[in-house]
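The file my_file.csv comes next; it holds CSV, C-alpha atoms.
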chain,number,residue,atom,x,y,z
A,1167,MET,CA,-3.7,-40.3,96.7
A,1168,ASN,CA,-3.5,-40.3,100.4
A,1169,ALA,CA,-3.0,-43.6,102.3
A,1170,LEU,CA,-6.3,-45.1,103.4
A,1171,SER,CA,-6.9,-46.9,106.7
A,1172,VAL,CA,-8.7,-50.2,106.8
A,1173,GLY,CA,-11.6,-48.7,108.6
A,1174,GLU,CA,-12.0,-46.0,105.9
A,1175,THR,CA,-12.0,-48.5,103.1
A,1176,LEU,CA,-14.5,-50.8,104.9
A,1177,ALA,CA,-16.8,-47.8,105.7
A,1178,ALA,CA,-16.6,-46.5,102.1
A,1179,TRP,CA,-17.6,-50.0,100.7
A,1180,ALA,CA,-20.5,-50.2,103.2
A,1181,ARG,CA,-21.9,-46.8,102.2
A,1182,SER,CA,-21.3,-47.3,98.4
A,1183,GLY,CA,-24.2,-49.7,97.7
A,1184,VAL,CA,-21.7,-52.2,96.3
A,1185,VAL,CA,-21.7,-54.5,99.3
A,1186,ALA,CA,-25.4,-55.0,98.9
A,1187,LEU,CA,-24.7,-56.3,95.4
A,1188,THR,CA,-21.9,-58.6,96.4
A,1189,GLY,CA,-22.2,-62.2,97.6
A,1190,ARG,CA,-24.7,-65.0,97.0
A,1191,ALA,CA,-28.4,-64.3,96.8
A,1192,ASP,CA,-29.1,-66.5,99.8
A,1193,GLY,CA,-26.1,-65.4,101.8
A,1194,PRO,CA,-24.8,-62.3,103.6
A,1195,PRO,CA,-23.5,-59.3,101.6
A,1196,LEU,CA,-19.7,-59.5,101.3
A,1197,VAL,CA,-17.1,-56.7,101.4
A,1198,PRO,CA,-15.0,-56.5,98.2
A,1199,PRO,CA,-11.2,-56.5,98.5
A,1200,GLY,CA,-9.1,-53.4,97.9
A,1201,THR,CA,-9.9,-49.7,98.1
A,1202,GLY,CA,-12.3,-49.2,95.2
A,1203,ALA,CA,-15.0,-47.3,97.0
A,1204,ALA,CA,-12.6,-45.2,99.0
A,1205,THR,CA,-10.7,-44.5,95.8
A,1206,ALA,CA,-13.9,-43.4,94.1
A,1207,ARG,CA,-14.4,-41.0,97.0
A,1208,LEU,CA,-10.9,-39.5,96.6
A,1209,LEU,CA,-11.4,-39.2,92.8
A,1210,ALA,CA,-14.7,-37.4,93.3
A,1211,GLU,CA,-13.1,-35.1,95.8
A,1212,ARG,CA,-10.2,-34.4,93.3
A,1213,PHE,CA,-12.7,-33.6,90.6
A,1214,ALA,CA,-14.6,-31.3,93.0
A,1215,ASP,CA,-11.3,-29.6,93.8
A,1216,HIS,CA,-10.4,-29.2,90.1
A,1217,THR,CA,-13.8,-27.7,89.2
A,1218,SER,CA,-14.0,-25.5,92.3
A,1219,CYS,CA,-10.7,-23.9,91.3
A,1220,THR,CA,-12.1,-23.1,87.9
A,1221,GLY,CA,-15.5,-21.7,88.8
A,1222,ARG,CA,-18.0,-24.5,88.2
A,1223,PRO,CA,-17.8,-26.9,91.1
A,1224,VAL,CA,-19.1,-30.4,90.7
A,1225,TRP,CA,-19.8,-32.5,93.8
A,1226,VAL,CA,-20.7,-36.1,93.4
A,1227,ASP,CA,-20.7,-39.0,95.8
A,1228,GLY,CA,-18.0,-41.1,94.3
A,1229,PRO,CA,-18.7,-44.4,96.1
A,1230,ARG,CA,-22.4,-44.1,95.3
A,1231,LEU,CA,-21.6,-43.8,91.6
A,1232,LEU,CA,-20.3,-47.3,91.7
A,1233,SER,CA,-23.7,-48.8,92.3
A,1234,GLU,CA,-26.2,-46.3,90.8
A,1235,ARG,CA,-26.9,-48.2,87.6
A,1236,ALA,CA,-28.1,-51.1,89.8
A,1237,ALA,CA,-30.6,-48.8,91.4
A,1238,PHE,CA,-32.1,-47.9,88.0
A,1239,LEU,CA,-32.1,-51.6,86.9
A,1240,GLY,CA,-33.3,-53.0,90.2
A,1241,LEU,CA,-30.3,-55.4,90.3
A,1242,ARG,CA,-29.4,-57.7,93.2
A,1243,ARG,CA,-26.4,-59.9,94.1
A,1244,ARG,CA,-26.2,-63.2,92.3
A,1245,GLY,CA,-22.9,-64.7,93.4
A,1246,ASP,CA,-21.0,-66.2,90.4
A,1247,ILE,CA,-23.4,-64.6,87.9
A,1248,SER,CA,-23.0,-60.8,87.5
A,1249,ALA,CA,-25.7,-58.6,88.9
A,1250,GLY,CA,-26.7,-57.7,85.3
A,1251,GLY,CA,-26.7,-61.3,84.3
A,1252,ALA,CA,-24.4,-61.1,81.3
A,1253,CYS,CA,-21.2,-62.4,82.8
A,1254,ARG,CA,-20.3,-65.6,84.7
A,1255,LEU,CA,-17.5,-66.9,86.8
A,1256,LEU,CA,-16.6,-70.5,85.7
A,1257,PRO,CA,-13.9,-73.0,86.6
A,1258,THR,CA,-11.1,-73.7,84.2
A,1259,ALA,CA,-8.6,-76.5,84.1
A,1260,ASP,CA,-6.2,-74.4,86.2
A,1261,GLY,CA,-8.4,-71.8,88.0
A,1262,TRP,CA,-11.3,-69.6,87.2
A,1263,ALA,CA,-12.4,-67.3,84.4
A,1264,ALA,CA,-14.9,-64.5,83.8
A,1265,VAL,CA,-16.9,-64.8,80.6
A,1266,SER,CA,-19.3,-62.3,79.2
A,1267,CYS,CA,-22.3,-62.8,76.8
A,1268,ALA,CA,-23.6,-59.3,76.5
A,1269,ARG,CA,-23.9,-58.6,72.8
A,1270,PRO,CA,-26.4,-60.1,70.3
A,1271,ASP,CA,-23.6,-61.8,68.5
A,1272,ASP,CA,-21.9,-63.2,71.6
A,1273,PRO,CA,-23.7,-66.6,71.7
A,1274,ALA,CA,-22.4,-67.4,68.2
A,1275,LEU,CA,-18.9,-66.2,69.1
A,1276,LEU,CA,-18.9,-68.3,72.2
A,1277,GLY,CA,-20.0,-71.2,70.1
A,1278,ALA,CA,-17.0,-70.6,67.8
A,1279,LEU,CA,-14.7,-70.4,70.8
A,1280,VAL,CA,-15.7,-73.8,72.1
A,1281,GLY,CA,-16.3,-75.4,68.7
A,1282,ALA,CA,-19.9,-76.3,69.2
A,1283,GLU,CA,-23.4,-75.3,68.2
A,1284,VAL,CA,-24.9,-73.5,71.2
A,1285,GLY,CA,-28.1,-71.8,69.9
A,1286,ASP,CA,-29.2,-69.0,72.2
A,1287,ASP,CA,-27.7,-70.6,75.4
A,1288,PRO,CA,-23.9,-70.9,75.2
A,1289,TRP,CA,-23.4,-71.6,78.9
A,1290,PRO,CA,-23.6,-75.4,79.1
A,1291,ALA,CA,-21.1,-75.8,76.2
A,1292,VAL,CA,-18.8,-73.0,77.6
A,1293,THR,CA,-18.8,-74.5,81.1
A,1294,GLU,CA,-17.9,-77.9,79.8
A,1295,TRP,CA,-15.1,-76.6,77.5
A,1296,LEU,CA,-13.5,-74.5,80.2
A,1297,ARG,CA,-13.2,-77.5,82.5
A,1298,ASP,CA,-10.7,-79.0,80.1
A,1299,HIS,CA,-8.8,-75.9,79.1
A,1300,THR,CA,-6.6,-73.4,80.9
A,1301,GLY,CA,-7.1,-69.7,81.4
A,1302,ALA,CA,-4.3,-69.0,79.0
A,1303,GLU,CA,-6.0,-71.0,76.3
A,1304,LEU,CA,-9.3,-69.1,76.9
A,1305,ALA,CA,-7.5,-65.8,76.7
A,1306,GLU,CA,-5.8,-66.6,73.4
A,1307,ARG,CA,-9.0,-67.8,71.7
A,1308,ALA,CA,-11.1,-64.9,73.2
A,1309,GLU,CA,-8.7,-62.3,71.8
A,1310,LEU,CA,-8.8,-63.9,68.4
A,1311,LEU,CA,-12.6,-64.0,68.3
A,1312,GLY,CA,-13.3,-60.7,70.1
A,1313,VAL,CA,-14.9,-62.4,73.1
A,1314,ALA,CA,-14.9,-60.6,76.4
A,1315,ALA,CA,-13.4,-63.2,78.7
A,1316,GLY,CA,-10.3,-64.0,80.6
A,1317,PRO,CA,-8.8,-65.9,83.5
A,1318,VAL,CA,-9.2,-64.4,87.0
A,1319,ARG,CA,-5.8,-63.3,88.3
A,1320,ARG,CA,-4.3,-60.3,90.0
A,1321,ARG,CA,-1.9,-58.2,88.0
A,1322,PRO,CA,0.5,-55.5,89.1
A,1323,ALA,CA,-0.8,-51.9,89.0
A,1324,PRO,CA,0.9,-49.4,86.8
A,1325,PRO,CA,2.5,-46.3,88.4
A,1326,PRO,CA,0.0,-43.5,88.8
A,1327,PRO,CA,0.1,-40.6,86.3
A,1328,GLU,CA,1.9,-37.4,87.2
A,1329,PRO,CA,-0.6,-34.9,88.7
A,1330,LEU,CA,-1.3,-31.9,86.4
A,1331,LYS,CA,-2.9,-28.6,87.2
A,1332,PRO,CA,-6.7,-28.2,86.7
A,1333,ARG,CA,-8.1,-26.1,83.9
A,1334,PRO,CA,-11.5,-24.4,83.3
A,1335,LEU,CA,-13.9,-26.8,81.6
A,1336,GLU,CA,-16.7,-24.3,81.0
A,1337,GLY,CA,-17.3,-23.9,77.2
A,1338,LEU,CA,-14.8,-26.5,76.1
A,1339,LEU,CA,-16.0,-28.7,73.3
A,1340,VAL,CA,-16.0,-32.4,74.2
A,1341,VAL,CA,-16.6,-34.9,71.4
A,1342,ASP,CA,-17.7,-38.2,72.8
A,1343,PHE,CA,-17.5,-41.3,70.7
A,1344,SER,CA,-17.9,-43.6,73.7
A,1345,ALA,CA,-20.8,-45.9,74.7
A,1346,LEU,CA,-22.3,-47.8,77.6
A,1347,TRP,CA,-21.0,-46.4,81.0
A,1348,ALA,CA,-17.4,-45.5,81.5
A,1349,GLY,CA,-16.9,-42.9,78.7
A,1350,PRO,CA,-20.4,-41.4,79.1
A,1351,LEU,CA,-19.9,-41.0,82.8
A,1352,CYS,CA,-16.7,-39.1,82.1
A,1353,ALA,CA,-18.6,-36.9,79.6
A,1354,HIS,CA,-21.5,-36.4,82.0
A,1355,LEU,CA,-19.1,-35.1,84.7
A,1356,LEU,CA,-17.4,-32.8,82.3
A,1357,GLY,CA,-20.8,-31.5,81.2
A,1358,LEU,CA,-21.8,-30.8,84.8
A,1359,ALA,CA,-18.6,-28.7,84.9
A,1360,GLY,CA,-19.8,-26.6,82.0
A,1361,ALA,CA,-18.2,-28.4,79.0
A,1362,ARG,CA,-20.3,-28.6,75.7
A,1363,ILE,CA,-20.8,-32.3,75.1
A,1364,VAL,CA,-21.4,-33.6,71.6
A,1365,LYS,CA,-22.2,-37.4,71.4
A,1366,VAL,CA,-21.2,-39.0,68.1
A,1367,GLU,CA,-22.8,-42.3,66.9
A,1368,ILE,CA,-22.7,-44.2,63.7
A,1369,PRO,CA,-25.8,-45.3,61.8
A,1370,GLY,CA,-26.8,-48.9,62.6
A,1371,ARG,CA,-24.4,-48.9,65.6
A,1372,PRO,CA,-26.0,-46.7,68.3
A,1373,ASP,CA,-24.8,-46.7,71.9
A,1374,GLY,CA,-25.9,-50.0,73.3
A,1375,ALA,CA,-27.1,-48.1,76.5
A,1376,ARG,CA,-30.0,-46.7,74.4
A,1377,ARG,CA,-31.5,-50.2,74.7
A,1378,GLY,CA,-31.1,-50.2,78.4
A,1379,ASP,CA,-32.9,-48.3,81.2
A,1380,PRO,CA,-34.1,-45.0,79.7
A,1381,ASP,CA,-33.8,-43.1,83.0
A,1382,PHE,CA,-30.2,-44.2,83.5
A,1383,TYR,CA,-29.4,-43.2,79.9
A,1384,ARG,CA,-31.0,-39.8,80.5
A,1385,LEU,CA,-29.0,-39.3,83.7
A,1386,LEU,CA,-25.7,-39.7,81.8
A,1387,HIS,CA,-26.7,-37.8,78.6
A,1388,ALA,CA,-29.1,-35.1,79.6
A,1389,GLY,CA,-28.1,-31.8,78.0
A,1390,HIS,CA,-25.7,-33.4,75.5
A,1391,ARG,CA,-26.2,-32.9,71.8
A,1392,SER,CA,-26.4,-35.9,69.4
A,1393,VAL,CA,-24.6,-36.2,66.1
A,1394,VAL,CA,-24.8,-39.2,63.7
A,1395,LEU,CA,-22.2,-39.5,61.0
A,1396,ASP,CA,-21.3,-42.5,58.7
A,1397,PRO,CA,-17.6,-42.8,58.1
A,1398,ASP,CA,-18.3,-45.0,55.1
A,1399,ILE,CA,-19.7,-41.9,53.3
A,1400,PRO,CA,-16.8,-39.6,52.2
A,1401,GLU,CA,-18.6,-36.3,53.0
A,1402,GLU,CA,-19.6,-37.6,56.5
A,1403,ARG,CA,-16.2,-39.0,57.1
A,1404,ARG,CA,-14.7,-35.6,56.4
A,1405,ALA,CA,-17.3,-34.0,58.7
A,1406,MET,CA,-16.3,-36.4,61.5
A,1407,ALA,CA,-12.6,-35.5,61.1
A,1408,ALA,CA,-13.5,-31.8,61.1
A,1409,LEU,CA,-15.5,-32.3,64.3
A,1410,VAL,CA,-12.5,-33.9,66.0
A,1411,ASN,CA,-10.3,-31.1,64.8
A,1412,ALA,CA,-12.6,-28.6,66.5
A,1413,ALA,CA,-12.7,-30.5,69.8
A,1414,ASP,CA,-10.8,-29.5,72.9
A,1415,ILE,CA,-11.4,-33.0,74.4
A,1416,VAL,CA,-12.1,-36.3,72.6
A,1417,ILE,CA,-13.5,-39.3,74.5
A,1418,GLU,CA,-13.5,-42.7,72.8
A,1419,ALA,CA,-13.6,-46.3,73.9
A,1420,SER,CA,-12.5,-48.1,70.7
A,1421,ARG,CA,-9.4,-50.0,69.8
A,1422,PRO,CA,-7.0,-47.9,67.7
A,1423,ARG,CA,-7.5,-50.0,64.6
A,1424,ALA,CA,-11.2,-49.4,64.8
A,1425,LEU,CA,-10.7,-45.6,64.9
A,1426,ALA,CA,-8.3,-45.8,62.0
A,1427,ARG,CA,-11.1,-47.3,59.9
A,1428,PHE,CA,-13.0,-44.1,60.6
A,1429,GLY,CA,-10.0,-42.0,59.5
A,1430,LEU,CA,-9.3,-40.7,63.1
A,1431,ASP,CA,-5.8,-40.4,64.4
A,1432,ALA,CA,-5.3,-39.8,68.1
A,1433,GLU,CA,-1.7,-39.0,67.9
A,1434,ALA,CA,-2.3,-36.4,65.2
A,1435,ALA,CA,-5.0,-34.8,67.2
A,1436,VAL,CA,-2.8,-34.7,70.3
A,1437,ALA,CA,0.0,-33.1,68.3
A,1438,SER,CA,-2.5,-30.3,67.3
A,1439,GLY,CA,-3.3,-29.6,71.0
A,1440,THR,CA,-6.3,-31.9,71.7
A,1441,THR,CA,-6.8,-33.8,75.0
A,1442,TRP,CA,-7.6,-37.4,73.9
A,1443,VAL,CA,-9.1,-39.7,76.5
A,1444,SER,CA,-8.8,-43.3,75.2
A,1445,ILE,CA,-10.8,-45.8,77.3
A,1446,THR,CA,-10.1,-49.5,76.7
A,1447,ALA,CA,-10.4,-52.8,78.5
A,1448,TYR,CA,-6.6,-53.5,78.7
A,1449,GLY,CA,-4.8,-50.6,77.1
A,1450,ARG,CA,-4.4,-49.2,73.6
A,1451,GLY,CA,-1.7,-51.7,72.7
A,1452,ASP,CA,-3.9,-54.7,73.6
A,1453,ASP,CA,-6.6,-56.0,71.3
A,1454,ARG,CA,-8.6,-57.8,74.0
A,1455,VAL,CA,-12.3,-56.9,74.4
A,1456,GLY,CA,-13.8,-56.4,77.8
A,1457,PHE,CA,-16.7,-55.0,79.7
A,1458,GLY,CA,-17.0,-53.8,83.3
A,1459,ASP,CA,-17.9,-57.1,84.9
A,1460,ASP,CA,-15.4,-59.4,83.2
A,1461,VAL,CA,-12.5,-56.9,83.3
A,1462,ALA,CA,-13.0,-56.3,87.1
A,1463,ALA,CA,-13.1,-60.0,87.8
A,1464,ALA,CA,-10.3,-60.9,85.4
A,1465,THR,CA,-8.1,-58.3,87.2
A,1466,GLY,CA,-8.8,-59.9,90.5
A,1467,LEU,CA,-11.6,-57.8,92.0
A,1468,VAL,CA,-13.7,-60.8,93.2
A,1469,CYS,CA,-14.9,-61.9,96.6
A,1470,HIS,CA,-14.8,-65.4,98.1
A,1471,ASP,CA,-17.2,-67.0,100.5
A,1472,ALA,CA,-16.4,-70.1,102.6
A,1473,SER,CA,-16.6,-72.4,99.6
A,1474,GLY,CA,-13.6,-70.6,98.0
A,1475,ALA,CA,-15.3,-69.9,94.7
A,1476,PRO,CA,-14.9,-66.4,93.4
A,1477,LEU,CA,-18.0,-64.1,93.3
A,1478,PHE,CA,-18.7,-60.9,91.5
A,1479,CYS,CA,-18.3,-57.5,93.3
A,1480,GLY,CA,-21.0,-55.0,92.6
A,1481,ASP,CA,-22.3,-54.2,89.1
A,1482,ALA,CA,-19.7,-53.8,86.3
A,1483,ILE,CA,-17.6,-51.8,88.8
A,1484,ALA,CA,-14.7,-51.3,86.4
A,1485,ASP,CA,-16.9,-48.9,84.4
A,1486,PRO,CA,-17.7,-46.2,86.9
A,1487,LEU,CA,-14.2,-46.4,88.5
A,1488,THR,CA,-12.8,-45.8,85.0
A,1489,GLY,CA,-15.3,-43.0,84.2
A,1490,LEU,CA,-14.3,-41.1,87.4
A,1491,THR,CA,-10.6,-41.6,86.7
A,1492,ALA,CA,-11.0,-40.4,83.1
A,1493,ALA,CA,-12.9,-37.3,84.2
A,1494,VAL,CA,-10.2,-36.3,86.7
A,1495,LEU,CA,-7.5,-36.7,84.0
A,1496,ALA,CA,-9.5,-34.8,81.4
A,1497,SER,CA,-10.0,-31.9,83.7
A,1498,THR,CA,-6.3,-31.2,83.9
A,1499,ALA,CA,-4.3,-28.8,81.7
A,1500,PRO,CA,-2.0,-30.4,79.2
A,1501,PRO,CA,1.7,-29.7,79.9
A,1502,CYS,CA,3.2,-26.7,78.0
A,1503,GLY,CA,-0.2,-25.9,76.5
A,1504,GLY,CA,-0.1,-28.8,74.1
A,1505,GLY,CA,-2.2,-31.9,73.7
A,1506,MET,CA,-2.4,-35.0,75.9
A,1507,LEU,CA,-3.2,-38.7,75.2
A,1508,TRP,CA,-4.6,-40.4,78.3
A,1509,ASP,CA,-4.5,-44.2,77.8
A,1510,VAL,CA,-7.1,-45.2,80.5
A,1511,ALA,CA,-7.3,-49.0,80.7
A,1512,MET,CA,-10.1,-50.3,82.9
A,1513,SER,CA,-7.9,-53.2,84.0
A,1514,ASP,CA,-5.2,-50.7,85.2
A,1515,VAL,CA,-7.8,-48.6,87.1
A,1516,VAL,CA,-9.1,-51.7,88.9
A,1517,ALA,CA,-5.5,-53.1,89.6
A,1518,ALA,CA,-4.6,-49.8,91.2
A,1519,THR,CA,-7.3,-50.4,93.9
A,1520,LEU,CA,-6.0,-53.9,94.8
A,1521,GLY,CA,-3.2,-54.9,97.1
A,1522,PRO,CA,-1.1,-58.1,96.9
A,1523,GLY,CA,-3.5,-60.1,99.1
A,1524,GLU,CA,-6.9,-60.2,100.6
A,1525,ALA,CA,-8.9,-61.6,103.5
A,1526,PHE,CA,-10.2,-65.2,103.0
A,1527,PRO,CA,-13.0,-65.7,103.1
A,1528,SER,CA,-14.1,-62.1,102.3
A,1529,PRO,CA,-15.4,-60.1,105.2
A,1530,ALA,CA,-19.2,-60.5,105.5
A,1531,ALA,CA,-21.8,-58.0,106.7
A,1532,ILE,CA,-23.7,-59.0,109.8
A,1533,ARG,CA,-27.2,-58.4,110.9
A,1534,ASP,CA,-27.9,-55.2,112.7
A,1535,GLY,CA,-29.3,-55.1,116.2
A,1536,ASN,CA,-32.9,-55.3,115.0
A,1537,GLY,CA,-32.1,-58.2,112.6
A,1538,GLU,CA,-33.7,-56.1,109.8
A,1539,GLY,CA,-30.6,-54.8,107.9
A,1540,TRP,CA,-26.9,-55.4,107.5
A,1541,VAL,CA,-23.9,-53.6,108.9
A,1542,VAL,CA,-20.1,-53.8,108.3
A,1543,GLU,CA,-17.7,-53.7,111.3
A,1544,THR,CA,-14.8,-51.4,110.5
A,1545,GLY,CA,-12.8,-51.6,113.8
A,1546,ASP,CA,-12.7,-47.8,113.9
A,1547,GLY,CA,-16.0,-47.1,115.5
A,1548,PRO,CA,-19.6,-48.3,115.4
A,1549,PRO,CA,-20.6,-50.7,112.6
A,1550,VAL,CA,-21.6,-48.9,109.4
A,1551,PRO,CA,-25.0,-49.8,107.8
A,1552,VAL,CA,-24.9,-51.4,104.4
A,1553,ALA,CA,-26.5,-49.0,102.0
A,1554,PHE,CA,-28.6,-50.0,99.0
A,1555,PRO,CA,-27.9,-48.6,95.5
A,1556,ALA,CA,-29.5,-45.2,95.0
A,1557,LYS,CA,-30.4,-43.0,92.0
A,1558,ARG,CA,-29.5,-39.5,91.2
A,1559,ASP,CA,-31.9,-37.3,89.3
A,1560,ALA,CA,-31.2,-36.3,85.7
A,1561,VAL,CA,-31.2,-32.7,84.9
A,1562,GLY,CA,-32.9,-32.3,81.5
A,1563,GLU,CA,-33.6,-34.7,78.7
A,1564,ALA,CA,-31.4,-36.9,76.5
A,1565,ALA,CA,-31.4,-36.1,72.8
A,1566,GLY,CA,-32.7,-38.4,70.2
A,1567,MET,CA,-30.1,-40.1,68.0
A,1568,GLY,CA,-28.7,-37.6,65.5
A,1569,GLU,CA,-31.1,-34.8,66.6
A,1570,HIS,CA,-28.5,-32.1,66.4
A,1571,THR,CA,-26.3,-33.2,63.5
A,1572,SER,CA,-26.9,-30.3,61.2
A,1573,GLU,CA,-27.0,-27.7,64.0
A,1574,VAL,CA,-23.7,-28.7,65.5
A,1575,LEU,CA,-21.9,-28.9,62.2
A,1576,ARG,CA,-23.2,-25.5,61.1
A,1577,GLU,CA,-22.2,-23.9,64.4
A,1578,LEU,CA,-18.6,-25.2,63.9
A,1579,GLY,CA,-18.5,-24.1,60.2
A,1580,ILE,CA,-18.4,-27.7,59.0
A,1581,PRO,CA,-20.2,-28.4,55.7
A,1582,VAL,CA,-23.3,-30.4,56.4
A,1583,PRO,CA,-23.3,-33.6,54.3

Would you mind giving the structure from this file in structure tokens?
Amino acid sequence: MNALSVGETLAAWARSGVVALTGRADGPPLVPPGTGAATARLLAERFADHTSCTGRPVWVDGPRLLSERAAFLGLRRRGDISAGGACRLLPTADGWAAVSCARPDDPALLGALVGAEVGDDPWPAVTEWLRDHTGAELAERAELLGVAAGPVRRRPAPPPPEPLKPRPLEGLLVVDFSALWAGPLCAHLLGLAGARIVKVEIPGRPDGARRGDPDFYRLLHAGHRSVVLDPDIPEERRAMAALVNAADIVIEASRPRALARFGLDAEAAVASGTTWVSITAYGRGDDRVGFGDDVAAATGLVCHDASGAPLFCGDAIADPLTGLTAAVLASTAPPCGGGMLWDVAMSDVVAATLGPGEAFPSPAAIRDGNGEGWVVETGDGPPVPVAFPAKRDAVGEAAGMGEHTSEVLRELGIPVP
């Protein structure tokens, strides 16, 4: 990507809606470090270029995608508590850590992590335990227990992937095993470009986003068909494998060992010519669990006010950044006509937007001339007003869970269990 000026990066943050979600509730909005919003703009432009070259142009406002879930949920900035409320930044014996409690089982897992009975509120016990333990100790126990938590520290960014040529997406079959935000955003963008999206879920384990805001779920899944298959039933396990064999693109957000339990093999699919997009918290070779808020913070995407304590930037920002990145990669043609495995780690995506240092404290927005809003000074021109998160309109309806199982399998010549 092209080099970005300081003014461009600050202006992109101001217009993204993320600044309004960053900082303490009773303080000014803060500007996140790095180039995340400007990078989102460049990714959206690249996706538009790819799809324009192939006949079905898709134009989205990349920076605005970073905050649009907050618009649906009515979220606001909350300082060291994530905008969505499920993650916290807490002091450790040697620094700070991001800890998530987002799933129904997480209070019990956090209780096991700290060795205490915590009931429905694990935070007092977790806060006390962290004061006496290092970030490394937390990371080790969190990986063992499958808890989304880790110390806050910058990490080097991997080299960017080699650019590939775009390919037509219209009519391609995309089988989407992912959930929540990053993977579904990737599938949503591919669907806008004309791909046929089939969402696959497992009985008893639906996409957790179905329990969230229905309008946001509809935005990301409108027009997609829904299939439910149980890999524990041999006939349905075979149908799942056949569906993958028929796919041009597979999107998943599971650790490789979880997919192996379903009888799915990414390497074998790629060898047969499939593009496989694997979205994980820290990479396919890493068993750590992570969600958008804790991964972004643990990778170093945090702000600081004058107190020096880290504060969350936006709402689960690693998710939409990763979804955009994955869509750009999936829209390219595999080399030599073969398959391609894209290992898209949310931590790597975030790290690529961060430099070695940052301003301290983080740049703050200031009141505009009327004292009614906030602006960010960029140094390249007049101050840029701080935008609030905004919604896009869904086009169509989201399918009910499993609504198209028989239809999709019959179309593809797969025996219906």

Spatial neighbours of Val1410 of chain A, max dist 8 Å, only C-alpha atoms, sep filter under 6 positions, as JSON, numbers by chain: {"A": [1341, 1416, 1435]}

Rows by chain and residue number, segment 1348-1367 of chain A within 10 Å of segment 1441-1457 of chain A, shortest pair, all atoms listed in the file, as JSON lines:
{"residue": "A:Ala1348", "atom": "CA", "partner": "A:Ile1445", "partner_atom": "CA", "distance": 7.8}
{"residue": "A:Gly1349", "atom": "CA", "partner": "A:Ile1445", "partner_atom": "CA", "distance": 6.9}
{"residue": "A:Cys1352", "atom": "CA", "partner": "A:Val1443", "partner_atom": "CA", "distance": 9.5}

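Among A:Leu1256, A:Leu1241, A:Leu1490, A:Leu1304, the residue with the shortest atom-to-atom distance to Ala1210 of chain A, counting all atoms listed in the file, is A:Leu1490.
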
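Proximity to Gly1251 of chain A was assessed for A:Leu1208, A:Cys1267, A:Ala1496, A:Val1226 counting all atoms listed in the file; the smallest distance is recorded for A:Cys1267.
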
Under the rule that all atoms listed in the file are counted, which of A:Leu1330, A:Glu1303, A:Pro1548, A:Glu1367 is the nearest residue to Cys1502 of chain A? A:Leu1330

Expressed in Å, the length from atom CA of Leu1385 of chain A to atom CA of Val1561 of chain A is 7.1 Å

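The space separating atom CA of Ala1236 of chain A from atom CA of Pro1555 of chain A comes to 6.2 Å.
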
Identify, on the basis of only C-alpha atoms, every residue whose closest approach to segment 1269-1278 of chain A does not exceed 10 Å; exclude the query and any residue fewer than 5 positions from it along the same chain; express the result as a PyMOL selection string. chain A and resi 1252+1283-1289+1291-1292+1307-1308+1311-1315+1374

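Taking atom CA of Glu1573 of chain A and atom CA of Pro1372 of chain A as endpoints, the distance between them is 19.5 Å.
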
At a cut-off of 6 Å, using all atoms listed in the file, what residues contact Arg1181 of chain A? Leave out same-chain residues fewer than 2 positions from it and give the result as a compact mmCIF listing (two decimals) with C-alpha atoms, in the frame of the given file.
# COMPACT_ATOMS: atom_id res chain seq x y z
CA ALA A 1178 -16.60 -46.50 102.10
CA TRP A 1179 -17.60 -50.00 100.70
CA GLY A 1183 -24.20 -49.70 97.70
CA VAL A 1552 -24.90 -51.40 104.40
CA ALA A 1553 -26.50 -49.00 102.00

Nearby residues, (-20.3, -48.2, 107.3) file frame, 12 Å, only C-alpha atoms, as a short mmCIF file (atom, residue, chain, number, x, y, z; two decimals) with C-alpha atoms, keeping the file's coordinate frame:
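Wrote it out as result07.cif, contents follow:
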data_model
loop_
_atom_site.label_atom_id
_atom_site.label_comp_id
_atom_site.auth_asym_id
_atom_site.auth_seq_id
_atom_site.Cartn_x
_atom_site.Cartn_y
_atom_site.Cartn_z
CA VAL A 1172 -8.70 -50.20 106.80
CA GLY A 1173 -11.60 -48.70 108.60
CA GLU A 1174 -12.00 -46.00 105.90
CA THR A 1175 -12.00 -48.50 103.10
CA LEU A 1176 -14.50 -50.80 104.90
CA ALA A 1177 -16.80 -47.80 105.70
CA ALA A 1178 -16.60 -46.50 102.10
CA TRP A 1179 -17.60 -50.00 100.70
CA ALA A 1180 -20.50 -50.20 103.20
CA ARG A 1181 -21.90 -46.80 102.20
CA SER A 1182 -21.30 -47.30 98.40
CA GLY A 1183 -24.20 -49.70 97.70
CA VAL A 1184 -21.70 -52.20 96.30
CA VAL A 1185 -21.70 -54.50 99.30
CA ALA A 1186 -25.40 -55.00 98.90
CA VAL A 1197 -17.10 -56.70 101.40
CA ALA A 1203 -15.00 -47.30 97.00
CA ALA A 1204 -12.60 -45.20 99.00
CA PRO A 1229 -18.70 -44.40 96.10
CA ALA A 1531 -21.80 -58.00 106.70
CA ILE A 1532 -23.70 -59.00 109.80
CA ASP A 1534 -27.90 -55.20 112.70
CA TRP A 1540 -26.90 -55.40 107.50
CA VAL A 1541 -23.90 -53.60 108.90
CA VAL A 1542 -20.10 -53.80 108.30
CA GLU A 1543 -17.70 -53.70 111.30
CA THR A 1544 -14.80 -51.40 110.50
CA GLY A 1545 -12.80 -51.60 113.80
CA ASP A 1546 -12.70 -47.80 113.90
CA GLY A 1547 -16.00 -47.10 115.50
CA PRO A 1548 -19.60 -48.30 115.40
CA PRO A 1549 -20.60 -50.70 112.60
CA VAL A 1550 -21.60 -48.90 109.40
CA PRO A 1551 -25.00 -49.80 107.80
CA VAL A 1552 -24.90 -51.40 104.40
CA ALA A 1553 -26.50 -49.00 102.00
CA PHE A 1554 -28.60 -50.00 99.00
#
